Amino acid sequence: MDAPTLPPWEVYRALSPSEKAARLRGTDGRPYHVLFAQQFDRPFLDRLCELATRTRRIAKTKGGRLFLQSLLADRRAMLYFAQPSTRTFLSFYAACQILGLHPAEVRDTQTSSELKGESPEDSVRTFSSYFDLIIMRHPEGGFAERIAWLLSTTERAVPVINAGSGKDEHPTQALLDVYTLQRSFETRGGIEGKTVAFVGDLRRGRTVRSLAQVLSLYPGVRILFVAPPRLQIGQDILECLTAAGVPYELTEDFDAAVATADAVYMTRIQDEWDAPGERTAGEADRFAFGVRHLSILRPDAILMHPLPRRQEIAVEVDRDPRAMYWRQVRNGMWIRVALILTMFAREAEVHQYYDDLVR
Amino acid sequence: MDAPTLPPWEVYRALSPSEKAARLRGTDGRPYHVLFAQQFDRPFLDRLCELATRTRRIAKTKGGRLFLQSLLADRRAMLYFAQPSTRTFLSFYAACQILGLHPAEVRDTQTSSELKGESPEDSVRTFSSYFDLIIMRHPEGGFAERIAWLLSTTERAVPVINAGSGKDEHPTQALLDVYTLQRSFETRGGIEGKTVAFVGDLRRGRTVRSLAQVLSLYPGVRILFVAPPRLQIGQDILECLTAAGVPYELTEDFDAAVATADAVYMTRIQDEWDAPGERTAGEADRFAFGVRHLSILRPDAILMHPLPRRQEIAVEVDRDPRAMYWRQVRNGMWIRVALILTMFAREAEVHQYYDDLVR
Amino acid sequence: MDAPTLPPWEVYRALSPSEKAARLRGTDGRPYHVLFAQQFDRPFLDRLCELATRTRRIAKTKGGRLFLQSLLADRRAMLYFAQPSTRTFLSFYAACQILGLHPAEVRDTQTSSELKGESPEDSVRTFSSYFDLIIMRHPEGGFAERIAWLLSTTERAVPVINAGSGKDEHPTQALLDVYTLQRSFETRGGIEGKTVAFVGDLRRGRTVRSLAQVLSLYPGVRILFVAPPRLQIGQDILECLTAAGVPYELTEDFDAAVATADAVYMTRIQDEWDAPGERTAGEADRFAFGVRHLSILRPDAILMHPLPRRQEIAVEVDRDPRAMYWRQVRNGMWIRVALILTMFAREAEVHQYYDDLVR
């Protein structure tokens with residue numbers, strides 16, 4: 001797997017997402033770095049979901065688990081988490097362990113070297129020297145991308161996965177959401193033609209912003225954005241959907257959306273980003289999924305949530321078979337397994353093992 | 001290993017320890033979760049000690065160590081330590097490594113998700129999704145038990161080991177103490193009939209409270225509780241001992257106890273729990289084991305301490321062959337190895353390997 | 001590998017470095033503990049560099065990487081870092097992973113046991129119980145040495161590597177610097193006869209102090225110390241060099257040194273150690289390597305820096321092939337691999353594998 005040759009930073013950063021996506025491909029056409037959700041096209045998503053499903057099937061036996069561990073046993077990954085996020089951290093950590101990929105973590109970045117005045121770029125470049133893959137979470141938007149670019153320009157390029165960068169990008173969250181939809185609708189014709197309702201804080205949740213765009217890759221999908229006006233989805237996303245020909249609707253009628261949708265995607269009111277004087281926490285009561293909604297929700301629909309939740313979904317709902325958020329968590333681990341396998345070009349061995357298994 | 005079906009929380013929590021112990025067994029009779037010392041009966045303890053001793057014998061060769069690592073190489077454990085305890089953490093961590101069980105740690109629980117208002121139950125359930133075993137230490141009494149119950153009610157149950165929960169329970173500490181006594185008295189007829197003197201802060205040390213109860217499983221054991229009145233052992237423990245027919249004595253005569261006992265178990269004055277105005281630290285001088293006690297201690301007796309120590313045992317005593325506290329530390333690692341093996345039902349392979357070894 | 005029998009602490013600590021070095025050898029002549037740079041003699045350094053180079057050659061294939069991981073797969077190491085240093089930590093961590101040596105980390109030493117009044121010696125002895133190797137960084141000079149001595153006096157000795165102890169010793173930094181010089185001058189007759197210019201804060205940098213002494217093992221080496229008077233190298237080092245017959249020169253003429261030297265070793269002004277009222281940061285501008293120095297630097301010379309850097313080397317210099325500091329980082333990982341292999345006496349297997357590879 002050879003790193004792509006990237007243009008100078010000032011040129012690179014001015015490219016559009018799709019132009020960047022093209023440049024970030026390695027010599028064999030797959031993404032060398034995974035930085036934002038627009039890098040994923042439909043064939044890539046289909047292959048990734050299939051790979052995740054086969055991998056978890058293989059993992060059902062001890063022999064299969066040991067086989068998976070052999071795939072990347074000779075490699076090491078650094079999980080550089082400058083921003084705390086135990087759930088994303090553990091999901092990637094477990095994904096590495098499943099593949100035998102030896103993980104090392106950097107969580108506390110208030111290190112002596114940074115205190116000594118070293119630039120963040122120098123720090124990360126130093127740490128990267130020891131590893132074959134960087135999984136990076138950072139509070140600053142664009143940081144992972146700048147590091148990916150930097151490492152691509154050195155003698156020893158290392159692939160970077162963006163595990164959440166500022167408020168903007170969290171591409172593997174979009175992957176796990178797509179995978180959850182794909183699995184849930186597997187026997188109902190897939191994601192195509194389904195109605196997805198996003199509920200809650202659509203203005204500030206990067207999850208919804210990414211997923212809405214990715215859904216435009218599935219023909220016939222219709223989107224409902226269910227939120228009070230001041231928390232509605234950004235105009236930029238709506239323009240993308242329009243350009244892609246995706247029908248959508250903005251509404252405040254939560255109950256109607258629950259009754260209609262194939263998938264109801266609840267989100268948390270992110271009041272930690274409230275402007276001074278702004279009070280959005282109160283909206284949470286109006287857009288919360290309670291026990292009474294279970295009778296409105298279609299029998300074949302699913303209920304999703306990226307977690308963590310506060311009161312958006314009542315705890316009593318957890319046991320309903322349509323509540324998919326706990327499985328979403330596990331799906332996240334498996335789709336990350338599939339992503340890492342793909343970046344290291346090891347799918348063929350998995351498919352071979354799987355074929356032998358089901359033959 | 002199938003998880004037991006537990007009754008609703010309000011029903012479960014009202015059960016007595018022995019009723020709970022019965023409910024916590026998996027389908028094959030072994031404890032599915034390990035939460036408190038009353039879950040251990042005598043056959044279980046005997047089997048566990050034997051398994052620990054065989055395992056450490058196997059670990060004396062490289063081939064044996066690699067064999068042990070193969071036993072759980074396809075599994076992953078989460079060490080969730082919401083309360084710092086490096087020694088217990090490392091003991092479990094090393095035990096996992098010995099068995100090839102891949103560990104991941106959560107030490108800092110001030111994570112973003114908890115700041116975002118997620119319930120602790122949701123947090124732990126999320127993290128548990130990625131692992132096959134939870135080893136949990138928590139400052140809040142009963143937390144590990146509530147999580148164990150919660151996970152047992154989900155689609156994906158995960159066994160929980162309580163690695164110290166509040167001031168109440170620390171069952172693996174009792175195991176390592178029993179194992180140390182058993183090994184030390186192996187050639188003297190075992191623990192039966194021995195006199196054990198507990199010295200120091202018996203009121204607040206959960207170690208002594210657990211161990212005293214476990215010792216009632218060994219016929220003929222006699223217990224001396226050596227402490228000033230206000231630090232003496234609780235009446236509840238004495239009632240248990242009486243009910244079990246265990247003779248005991250309360251005393252302040254430290255020297256006499258040292259001269260009599262087969263095992264002298266020193267403990268630290270836990271003055272961090274002193275009530276305002278209470279001053280117990282001063283008692284430490286009266287109940288400290290100094291060089292002069294070495295000549296009083298019986299030649300075949302042993303000296304134990306759960307560590308950490310302050311002045312309860314003089315450093316000069318460390319080299320006396322009867323000082324057992326450093327070996328206690330290693331015993332803790334090995335009995336935890338045996339416990340995890342037992343929970344995963346892998347004893348048979350160890351016994352087979354051992355039989356081949358000594359044949 | 002048997003631990004050496006050390007004399008009582010008061011006797012041991014009064015020994016000279018060379019006397020200590022002799023006592024720290026295990027039964028087979030190799031260092032049992034690695035505590036300070038004076039333990040390395042010339043044959044040891046030559047063997048270590050050769051081993052590092054062969055190991056990294058072996059690591060170029062998956063088969064070779066898996067072979068290396070098998071070498072210490074049955075062992076566990078504790079990285080006890082009481083002082084934060086992510087770069088040194090990760091370098092050792094990766095070195096352990098390369099060898100299959102299972103690492104565990106103790107970074108935060110504000111643990112409950114220390115709060116409970118346990119001595120640092122007891123803490124480390126407890127933690128050491130679970131591991132086969134201790135890699136220790138500590139802010140207190142001499143701490144690693146005291147622990148090494150302590151562990152050698154117990155029933156269960158454990159080797160200790162000093163990964164940086166106070167302002168005094170950081171022996172593996174000297175190793176990686178020697179290795180970088182050796183590799184860089186491999187085709188130019190080795191380190192012998194070369195001129196090395198140390199630039200910057202020579203008074204307070206332990207790196208330079210260690211390396212200058214080690215260089216005295218290479219005949220014909222000449223040293224330039226380039227610094228303002230108040231940051232010049234200590235008189236004690238100069239006396240050692242004189243005793244060893246190493247020619248040296250003190251100068252402030254940075255440009256002349258750059259034009260002359262085979263290796264220019266830049267260092268950071270450590271103004272965090274400034275006495276009150278002292279202002280040394282301003283010196284950094286005078287002793288910084290900029291783009292213009294590239295044309296003065298000899299075509300076959302190299303530029304080194306132990307990192308982290310501030311303004312001592314302009315970022316634009318990074319791409320010059322003579323800039324060796326990023327490779328220095330990787331060299332550090334490989335020489336640590338070689339050191340651990342040597343301490344565990346596993347060189348023969350590496351040489352055998354290498355011979356089969358190149359045959």
# chains A, B, ... in the order shown; residues from 1 in each chain; ligands from 1
$ residues_around --residues "Arg310 in chain A" --least-positions-apart "5" --cutoff "8 Å" --atoms "only C-alpha atoms" --output "ChimeraX atom specification"
/A:268 /B:116-119
$ residues_around --residues "Arg125 in chain A" --least-positions-apart "6" --cutoff "10 Å" --atoms "only C-alpha atoms" --output "NGL selection string"
(:A and (119 or 147-148 or 150-151 or 154 or 156-158)) or (:C and (326 or 329))
$ write_last_selection --atoms "C-alpha atoms" --output "mmCIF file, in the first residue's frame"
data_model
loop_
_atom_site.group_PDB
_atom_site.id
_atom_site.type_symbol
_atom_site.label_atom_id
_atom_site.label_comp_id
_atom_site.auth_asym_id
_atom_site.auth_seq_id
_atom_site.Cartn_x
_atom_site.Cartn_y
_atom_site.Cartn_z
ATOM 1 C CA SER A 119 4.837 21.964 17.900
ATOM 2 C CA ILE A 147 -1.360 15.401 10.200
ATOM 3 C CA ALA A 148 -2.360 12.996 7.434
ATOM 4 C CA LEU A 150 2.129 16.023 6.837
ATOM 5 C CA LEU A 151 2.870 12.322 7.227
ATOM 6 C CA THR A 154 7.635 12.376 4.805
ATOM 7 C CA ARG A 156 7.714 7.229 6.186
ATOM 8 C CA ALA A 157 4.041 7.821 5.479
ATOM 9 C CA VAL A 158 1.547 6.332 7.927
ATOM 10 C CA TRP C 326 13.567 11.897 12.460
ATOM 11 C CA VAL C 329 13.656 8.618 16.595
#
$ select_by_dssp --residues "range 148-315 of chain C" --states "strand (DSSP E)" --output "ChimeraX atom specification"
/C:160-165,195-199,222-226,248-251,263-266,302-304
$ residues_around --residues "Ala244 in chain B" --least-positions-apart "6" --cutoff "9 Å" --atoms "only C-alpha atoms" --output "PyMOL selection string"
chain B and resi 213+216-217
$ closest_atom_pairs --of "chain C" --to "chain B" --cutoff "12 Å" --atoms "only C-alpha atoms" --output "Markdown table"
| residue | atom | partner | partner_atom | distance |
| --- | --- | --- | --- | --- |
| C:Ser70 | CA | B:Leu66 | CA | 9.8 |
| C:Leu71 | CA | B:Lys62 | CA | 10.4 |
| C:Leu72 | CA | B:Lys62 | CA | 9.4 |
| C:Ala73 | CA | B:Leu66 | CA | 7.5 |
| C:Asp74 | CA | B:Arg65 | CA | 5.7 |
| C:Arg75 | CA | B:Arg65 | CA | 8.5 |
| C:Arg76 | CA | B:Ala94 | CA | 7.8 |
| C:Ala77 | CA | B:Ala94 | CA | 9.7 |
| C:Met78 | CA | B:Leu90 | CA | 9.2 |
| C:Leu79 | CA | B:Leu90 | CA | 11.5 |
| C:Tyr80 | CA | B:Thr86 | CA | 11.2 |
| C:Gly100 | CA | B:Leu66 | CA | 11.5 |
| C:Leu101 | CA | B:Gln97 | CA | 10.3 |
| C:His102 | CA | B:Gln97 | CA | 7.2 |
| C:Pro103 | CA | B:Gln97 | CA | 9.1 |
| C:Ala104 | CA | B:Tyr93 | CA | 7.6 |
| C:Glu105 | CA | B:Leu90 | CA | 8.7 |
| C:Val106 | CA | B:Thr86 | CA | 7.6 |
| C:Arg107 | CA | B:Thr86 | CA | 10.0 |
| C:Asp108 | CA | B:Thr86 | CA | 9.0 |
| C:Thr109 | CA | B:Thr86 | CA | 8.2 |
| C:Gln110 | CA | B:Pro84 | CA | 8.6 |
| C:Thr111 | CA | B:Pro84 | CA | 5.9 |
| C:Ser112 | CA | B:Ser85 | CA | 5.7 |
| C:Ser113 | CA | B:Pro308 | CA | 5.9 |
| C:Glu114 | CA | B:Pro308 | CA | 8.2 |
| C:Leu115 | CA | B:Glu272 | CA | 9.7 |
| C:Lys116 | CA | B:Pro308 | CA | 7.3 |
| C:Gly117 | CA | B:Arg310 | CA | 5.9 |
| C:Glu118 | CA | B:Arg310 | CA | 5.6 |
| C:Ser119 | CA | B:Arg310 | CA | 7.6 |
| C:Pro120 | CA | B:Pro308 | CA | 10.5 |
| C:Glu121 | CA | B:Val315 | CA | 10.5 |
| C:Asp122 | CA | B:Pro308 | CA | 7.7 |
| C:Ser123 | CA | B:Pro308 | CA | 7.7 |
| C:Val124 | CA | B:Arg87 | CA | 9.6 |
| C:Arg125 | CA | B:Trp326 | CA | 8.5 |
| C:Thr126 | CA | B:Val329 | CA | 6.8 |
| C:Phe127 | CA | B:Arg87 | CA | 6.2 |
| C:Ser128 | CA | B:Leu90 | CA | 9.5 |
| C:Ser129 | CA | B:Arg330 | CA | 6.1 |
| C:Tyr130 | CA | B:Ala94 | CA | 6.2 |
| C:Phe131 | CA | B:Ala94 | CA | 7.6 |
| C:Asp132 | CA | B:Ala94 | CA | 10.8 |
| C:Leu150 | CA | B:Asp318 | CA | 11.9 |
| C:Leu151 | CA | B:Trp326 | CA | 11.9 |
| C:Thr153 | CA | B:Arg319 | CA | 9.4 |
| C:Thr154 | CA | B:Arg319 | CA | 8.0 |
| C:Glu155 | CA | B:Arg319 | CA | 9.0 |
| C:Arg156 | CA | B:Trp326 | CA | 9.8 |
$ write_last_selection --atoms "N, CA and C atoms" --output "tab-separated table (two decimals), in the first residue's frame"
chain	number	residue	atom	x	y	z
C	70	SER	N	8.00	-13.63	18.55
C	70	SER	CA	8.02	-14.90	19.29
C	70	SER	C	9.12	-14.93	20.34
C	71	LEU	N	10.08	-14.01	20.21
C	71	LEU	CA	11.28	-14.13	21.05
C	71	LEU	C	10.99	-13.94	22.54
C	72	LEU	N	10.17	-12.97	22.86
C	72	LEU	CA	9.89	-12.72	24.29
C	72	LEU	C	8.39	-12.79	24.57
C	73	ALA	N	7.68	-13.58	23.79
C	73	ALA	CA	6.23	-13.64	23.90
C	73	ALA	C	5.77	-14.19	25.24
C	74	ASP	N	6.66	-14.84	25.95
C	74	ASP	CA	6.27	-15.42	27.24
C	74	ASP	C	6.65	-14.51	28.40
C	75	ARG	N	6.98	-13.25	28.12
C	75	ARG	CA	7.44	-12.34	29.16
C	75	ARG	C	6.57	-11.09	29.23
C	76	ARG	N	6.65	-10.42	30.38
C	76	ARG	CA	5.87	-9.20	30.61
C	76	ARG	C	6.77	-8.10	31.16
C	77	ALA	N	6.58	-6.90	30.66
C	77	ALA	CA	7.37	-5.76	31.13
C	77	ALA	C	6.46	-4.70	31.73
C	78	MET	N	6.92	-4.06	32.79
C	78	MET	CA	6.20	-2.90	33.34
C	78	MET	C	6.95	-1.64	32.94
C	79	LEU	N	6.23	-0.70	32.33
C	79	LEU	CA	6.78	0.62	32.06
C	79	LEU	C	6.29	1.55	33.17
C	80	TYR	N	7.18	1.84	34.10
C	80	TYR	CA	6.82	2.67	35.25
C	80	TYR	C	7.32	4.08	34.96
C	100	GLY	N	7.26	-9.03	21.17
C	100	GLY	CA	6.21	-9.85	21.77
C	100	GLY	C	6.14	-9.73	23.28
C	101	LEU	N	7.00	-8.93	23.85
C	101	LEU	CA	7.06	-8.72	25.30
C	101	LEU	C	5.82	-7.92	25.71
C	102	HIS	N	4.96	-8.50	26.55
C	102	HIS	CA	3.68	-7.86	26.85
C	102	HIS	C	3.89	-6.70	27.82
C	103	PRO	N	3.52	-5.51	27.40
C	103	PRO	CA	3.75	-4.35	28.26
C	103	PRO	C	2.54	-4.00	29.14
C	104	ALA	N	2.84	-3.48	30.30
C	104	ALA	CA	1.81	-2.86	31.14
C	104	ALA	C	2.39	-1.53	31.60
C	105	GLU	N	1.53	-0.55	31.79
C	105	GLU	CA	2.05	0.76	32.09
C	105	GLU	C	1.54	1.28	33.42
C	106	VAL	N	2.43	1.97	34.12
C	106	VAL	CA	2.05	2.75	35.29
C	106	VAL	C	2.52	4.15	34.99
C	107	ARG	N	1.56	5.03	34.70
C	107	ARG	CA	1.97	6.39	34.38
C	107	ARG	C	1.64	7.33	35.53
C	108	ASP	N	0.44	7.18	36.03
C	108	ASP	CA	0.02	8.06	37.11
C	108	ASP	C	0.41	7.40	38.43
C	109	THR	N	1.33	7.99	39.13
C	109	THR	CA	1.78	7.33	40.36
C	109	THR	C	1.13	7.95	41.60
C	110	GLN	N	0.20	8.84	41.40
C	110	GLN	CA	-0.58	9.34	42.54
C	110	GLN	C	-1.65	8.32	42.88
C	111	THR	N	-1.21	7.13	43.21
C	111	THR	CA	-2.18	6.06	43.41
C	111	THR	C	-2.66	6.06	44.85
C	112	SER	N	-3.71	5.29	45.03
C	112	SER	CA	-4.28	5.21	46.37
C	112	SER	C	-3.25	4.73	47.38
C	113	SER	N	-2.41	3.77	46.98
C	113	SER	CA	-1.48	3.22	47.97
C	113	SER	C	-0.49	4.28	48.43
C	114	GLU	N	-0.04	5.13	47.49
C	114	GLU	CA	0.90	6.15	47.91
C	114	GLU	C	0.20	7.18	48.80
C	115	LEU	N	-1.05	7.46	48.48
C	115	LEU	CA	-1.80	8.35	49.35
C	115	LEU	C	-1.95	7.73	50.74
C	116	LYS	N	-1.99	6.40	50.78
C	116	LYS	CA	-2.15	5.73	52.05
C	116	LYS	C	-0.86	5.66	52.84
C	117	GLY	N	0.20	6.27	52.35
C	117	GLY	CA	1.42	6.38	53.13
C	117	GLY	C	2.44	5.28	52.88
C	118	GLU	N	2.26	4.53	51.80
C	118	GLU	CA	3.24	3.49	51.47
C	118	GLU	C	4.52	4.13	50.96
C	119	SER	N	5.66	3.51	51.24
C	119	SER	CA	6.92	4.04	50.73
C	119	SER	C	7.01	3.74	49.23
C	120	PRO	N	7.71	4.61	48.48
C	120	PRO	CA	7.89	4.35	47.05
C	120	PRO	C	8.55	2.99	46.79
C	121	GLU	N	9.46	2.61	47.68
C	121	GLU	CA	10.14	1.31	47.49
C	121	GLU	C	9.12	0.17	47.58
C	122	ASP	N	8.25	0.23	48.57
C	122	ASP	CA	7.23	-0.81	48.69
C	122	ASP	C	6.32	-0.84	47.45
C	123	SER	N	5.92	0.35	46.99
C	123	SER	CA	5.05	0.41	45.80
C	123	SER	C	5.70	-0.28	44.62
C	124	VAL	N	6.91	0.12	44.32
C	124	VAL	CA	7.55	-0.43	43.12
C	124	VAL	C	7.84	-1.91	43.31
C	125	ARG	N	8.22	-2.31	44.52
C	125	ARG	CA	8.46	-3.74	44.74
C	125	ARG	C	7.18	-4.55	44.51
C	126	THR	N	6.06	-4.01	44.98
C	126	THR	CA	4.78	-4.68	44.75
C	126	THR	C	4.50	-4.81	43.27
C	127	PHE	N	4.57	-3.69	42.57
C	127	PHE	CA	4.25	-3.72	41.14
C	127	PHE	C	5.20	-4.67	40.40
C	128	SER	N	6.46	-4.68	40.82
C	128	SER	CA	7.46	-5.51	40.14
C	128	SER	C	7.16	-6.99	40.25
C	129	SER	N	6.40	-7.35	41.27
C	129	SER	CA	6.09	-8.76	41.50
C	129	SER	C	5.45	-9.43	40.31
C	130	TYR	N	4.78	-8.62	39.49
C	130	TYR	CA	3.99	-9.21	38.41
C	130	TYR	C	4.75	-9.29	37.10
C	131	PHE	N	5.98	-8.76	37.04
C	131	PHE	CA	6.63	-8.57	35.74
C	131	PHE	C	8.05	-9.13	35.69
C	132	ASP	N	8.59	-9.20	34.46
C	132	ASP	CA	9.90	-9.78	34.23
C	132	ASP	C	10.96	-8.73	33.90
C	150	LEU	N	17.51	-2.56	45.29
C	150	LEU	CA	16.54	-3.19	46.19
C	150	LEU	C	16.05	-4.52	45.63
C	151	LEU	N	15.65	-4.51	44.35
C	151	LEU	CA	15.11	-5.74	43.76
C	151	LEU	C	16.17	-6.83	43.70
C	153	THR	N	18.22	-7.51	45.89
C	153	THR	CA	18.42	-8.11	47.22
C	153	THR	C	17.24	-8.99	47.62
C	154	THR	N	16.19	-9.05	46.78
C	154	THR	CA	15.03	-9.86	47.14
C	154	THR	C	15.12	-11.25	46.54
C	155	GLU	N	14.19	-12.09	46.95
C	155	GLU	CA	14.14	-13.45	46.40
C	155	GLU	C	13.85	-13.46	44.91
C	156	ARG	N	13.16	-12.43	44.46
C	156	ARG	CA	12.75	-12.39	43.06
C	156	ARG	C	13.28	-11.13	42.40
$ atom_distance --atom1 "CA of Asp2 in chain C" --atom2 "CA of Arg23 in chain C"
12.6 Å
$ decode --residues "range 60-85 of chain A" --atoms "N, CA and C atoms" --output "CSV table (one decimal), in the first residue's frame"
chain,number,residue,atom,x,y,z
A,60,LYS,N,-17.4,-16.1,15.3
A,60,LYS,CA,-18.3,-16.9,16.2
A,60,LYS,C,-17.6,-18.1,16.8
A,61,THR,N,-16.5,-18.5,16.2
A,61,THR,CA,-15.8,-19.7,16.7
A,61,THR,C,-14.4,-19.3,17.1
A,62,LYS,N,-13.8,-20.0,18.0
A,62,LYS,CA,-12.5,-19.7,18.5
A,62,LYS,C,-11.5,-19.8,17.4
A,63,GLY,N,-11.6,-20.8,16.5
A,63,GLY,CA,-10.7,-20.8,15.3
A,63,GLY,C,-10.8,-19.6,14.5
A,64,GLY,N,-12.0,-19.1,14.3
A,64,GLY,CA,-12.2,-17.9,13.5
A,64,GLY,C,-11.6,-16.7,14.2
A,65,ARG,N,-11.8,-16.6,15.5
A,65,ARG,CA,-11.2,-15.5,16.2
A,65,ARG,C,-9.7,-15.4,16.1
A,66,LEU,N,-9.1,-16.6,16.2
A,66,LEU,CA,-7.6,-16.7,16.1
A,66,LEU,C,-7.2,-16.4,14.7
A,67,PHE,N,-8.0,-16.8,13.7
A,67,PHE,CA,-7.6,-16.4,12.3
A,67,PHE,C,-7.6,-14.9,12.2
A,68,LEU,N,-8.7,-14.3,12.7
A,68,LEU,CA,-8.8,-12.8,12.5
A,68,LEU,C,-7.6,-12.1,13.2
A,69,GLN,N,-7.2,-12.7,14.4
A,69,GLN,CA,-6.0,-12.1,15.1
A,69,GLN,C,-4.7,-12.2,14.3
A,70,SER,N,-4.7,-13.2,13.4
A,70,SER,CA,-3.4,-13.4,12.7
A,70,SER,C,-3.3,-12.4,11.6
A,71,LEU,N,-4.4,-11.8,11.2
A,71,LEU,CA,-4.3,-10.9,10.0
A,71,LEU,C,-3.4,-9.8,10.1
A,72,LEU,N,-3.4,-9.1,11.2
A,72,LEU,CA,-2.5,-7.9,11.4
A,72,LEU,C,-1.6,-8.0,12.6
A,73,ALA,N,-1.3,-9.3,12.9
A,73,ALA,CA,-0.5,-9.5,14.2
A,73,ALA,C,0.9,-8.9,14.1
A,74,ASP,N,1.3,-8.6,12.9
A,74,ASP,CA,2.7,-8.0,12.7
A,74,ASP,C,2.7,-6.5,12.7
A,75,ARG,N,1.5,-5.9,13.0
A,75,ARG,CA,1.4,-4.4,12.9
A,75,ARG,C,1.1,-3.8,14.2
A,76,ARG,N,1.3,-2.5,14.3
A,76,ARG,CA,1.0,-1.7,15.6
A,76,ARG,C,0.3,-0.5,15.2
A,77,ALA,N,-0.7,-0.1,16.0
A,77,ALA,CA,-1.5,1.1,15.8
A,77,ALA,C,-1.4,2.0,17.0
A,78,MET,N,-1.3,3.3,16.8
A,78,MET,CA,-1.4,4.3,17.9
A,78,MET,C,-2.7,4.9,17.9
A,79,LEU,N,-3.4,4.9,19.1
A,79,LEU,CA,-4.6,5.6,19.3
A,79,LEU,C,-4.3,6.9,20.0
A,80,TYR,N,-4.3,8.0,19.2
A,80,TYR,CA,-3.9,9.3,19.7
A,80,TYR,C,-5.2,10.0,20.0
A,81,PHE,N,-5.6,10.1,21.2
A,81,PHE,CA,-6.9,10.7,21.6
A,81,PHE,C,-6.6,11.9,22.5
A,82,ALA,N,-6.5,13.0,21.8
A,82,ALA,CA,-6.3,14.3,22.5
A,82,ALA,C,-7.5,14.8,23.1
A,83,GLN,N,-8.7,14.2,22.8
A,83,GLN,CA,-10.0,14.6,23.4
A,83,GLN,C,-10.6,13.3,24.0
A,84,PRO,N,-11.0,13.4,25.2
A,84,PRO,CA,-11.5,12.1,25.8
A,84,PRO,C,-12.8,11.6,25.1
A,85,SER,N,-12.8,10.4,24.9
A,85,SER,CA,-14.0,9.7,24.3
A,85,SER,C,-13.9,8.2,24.5
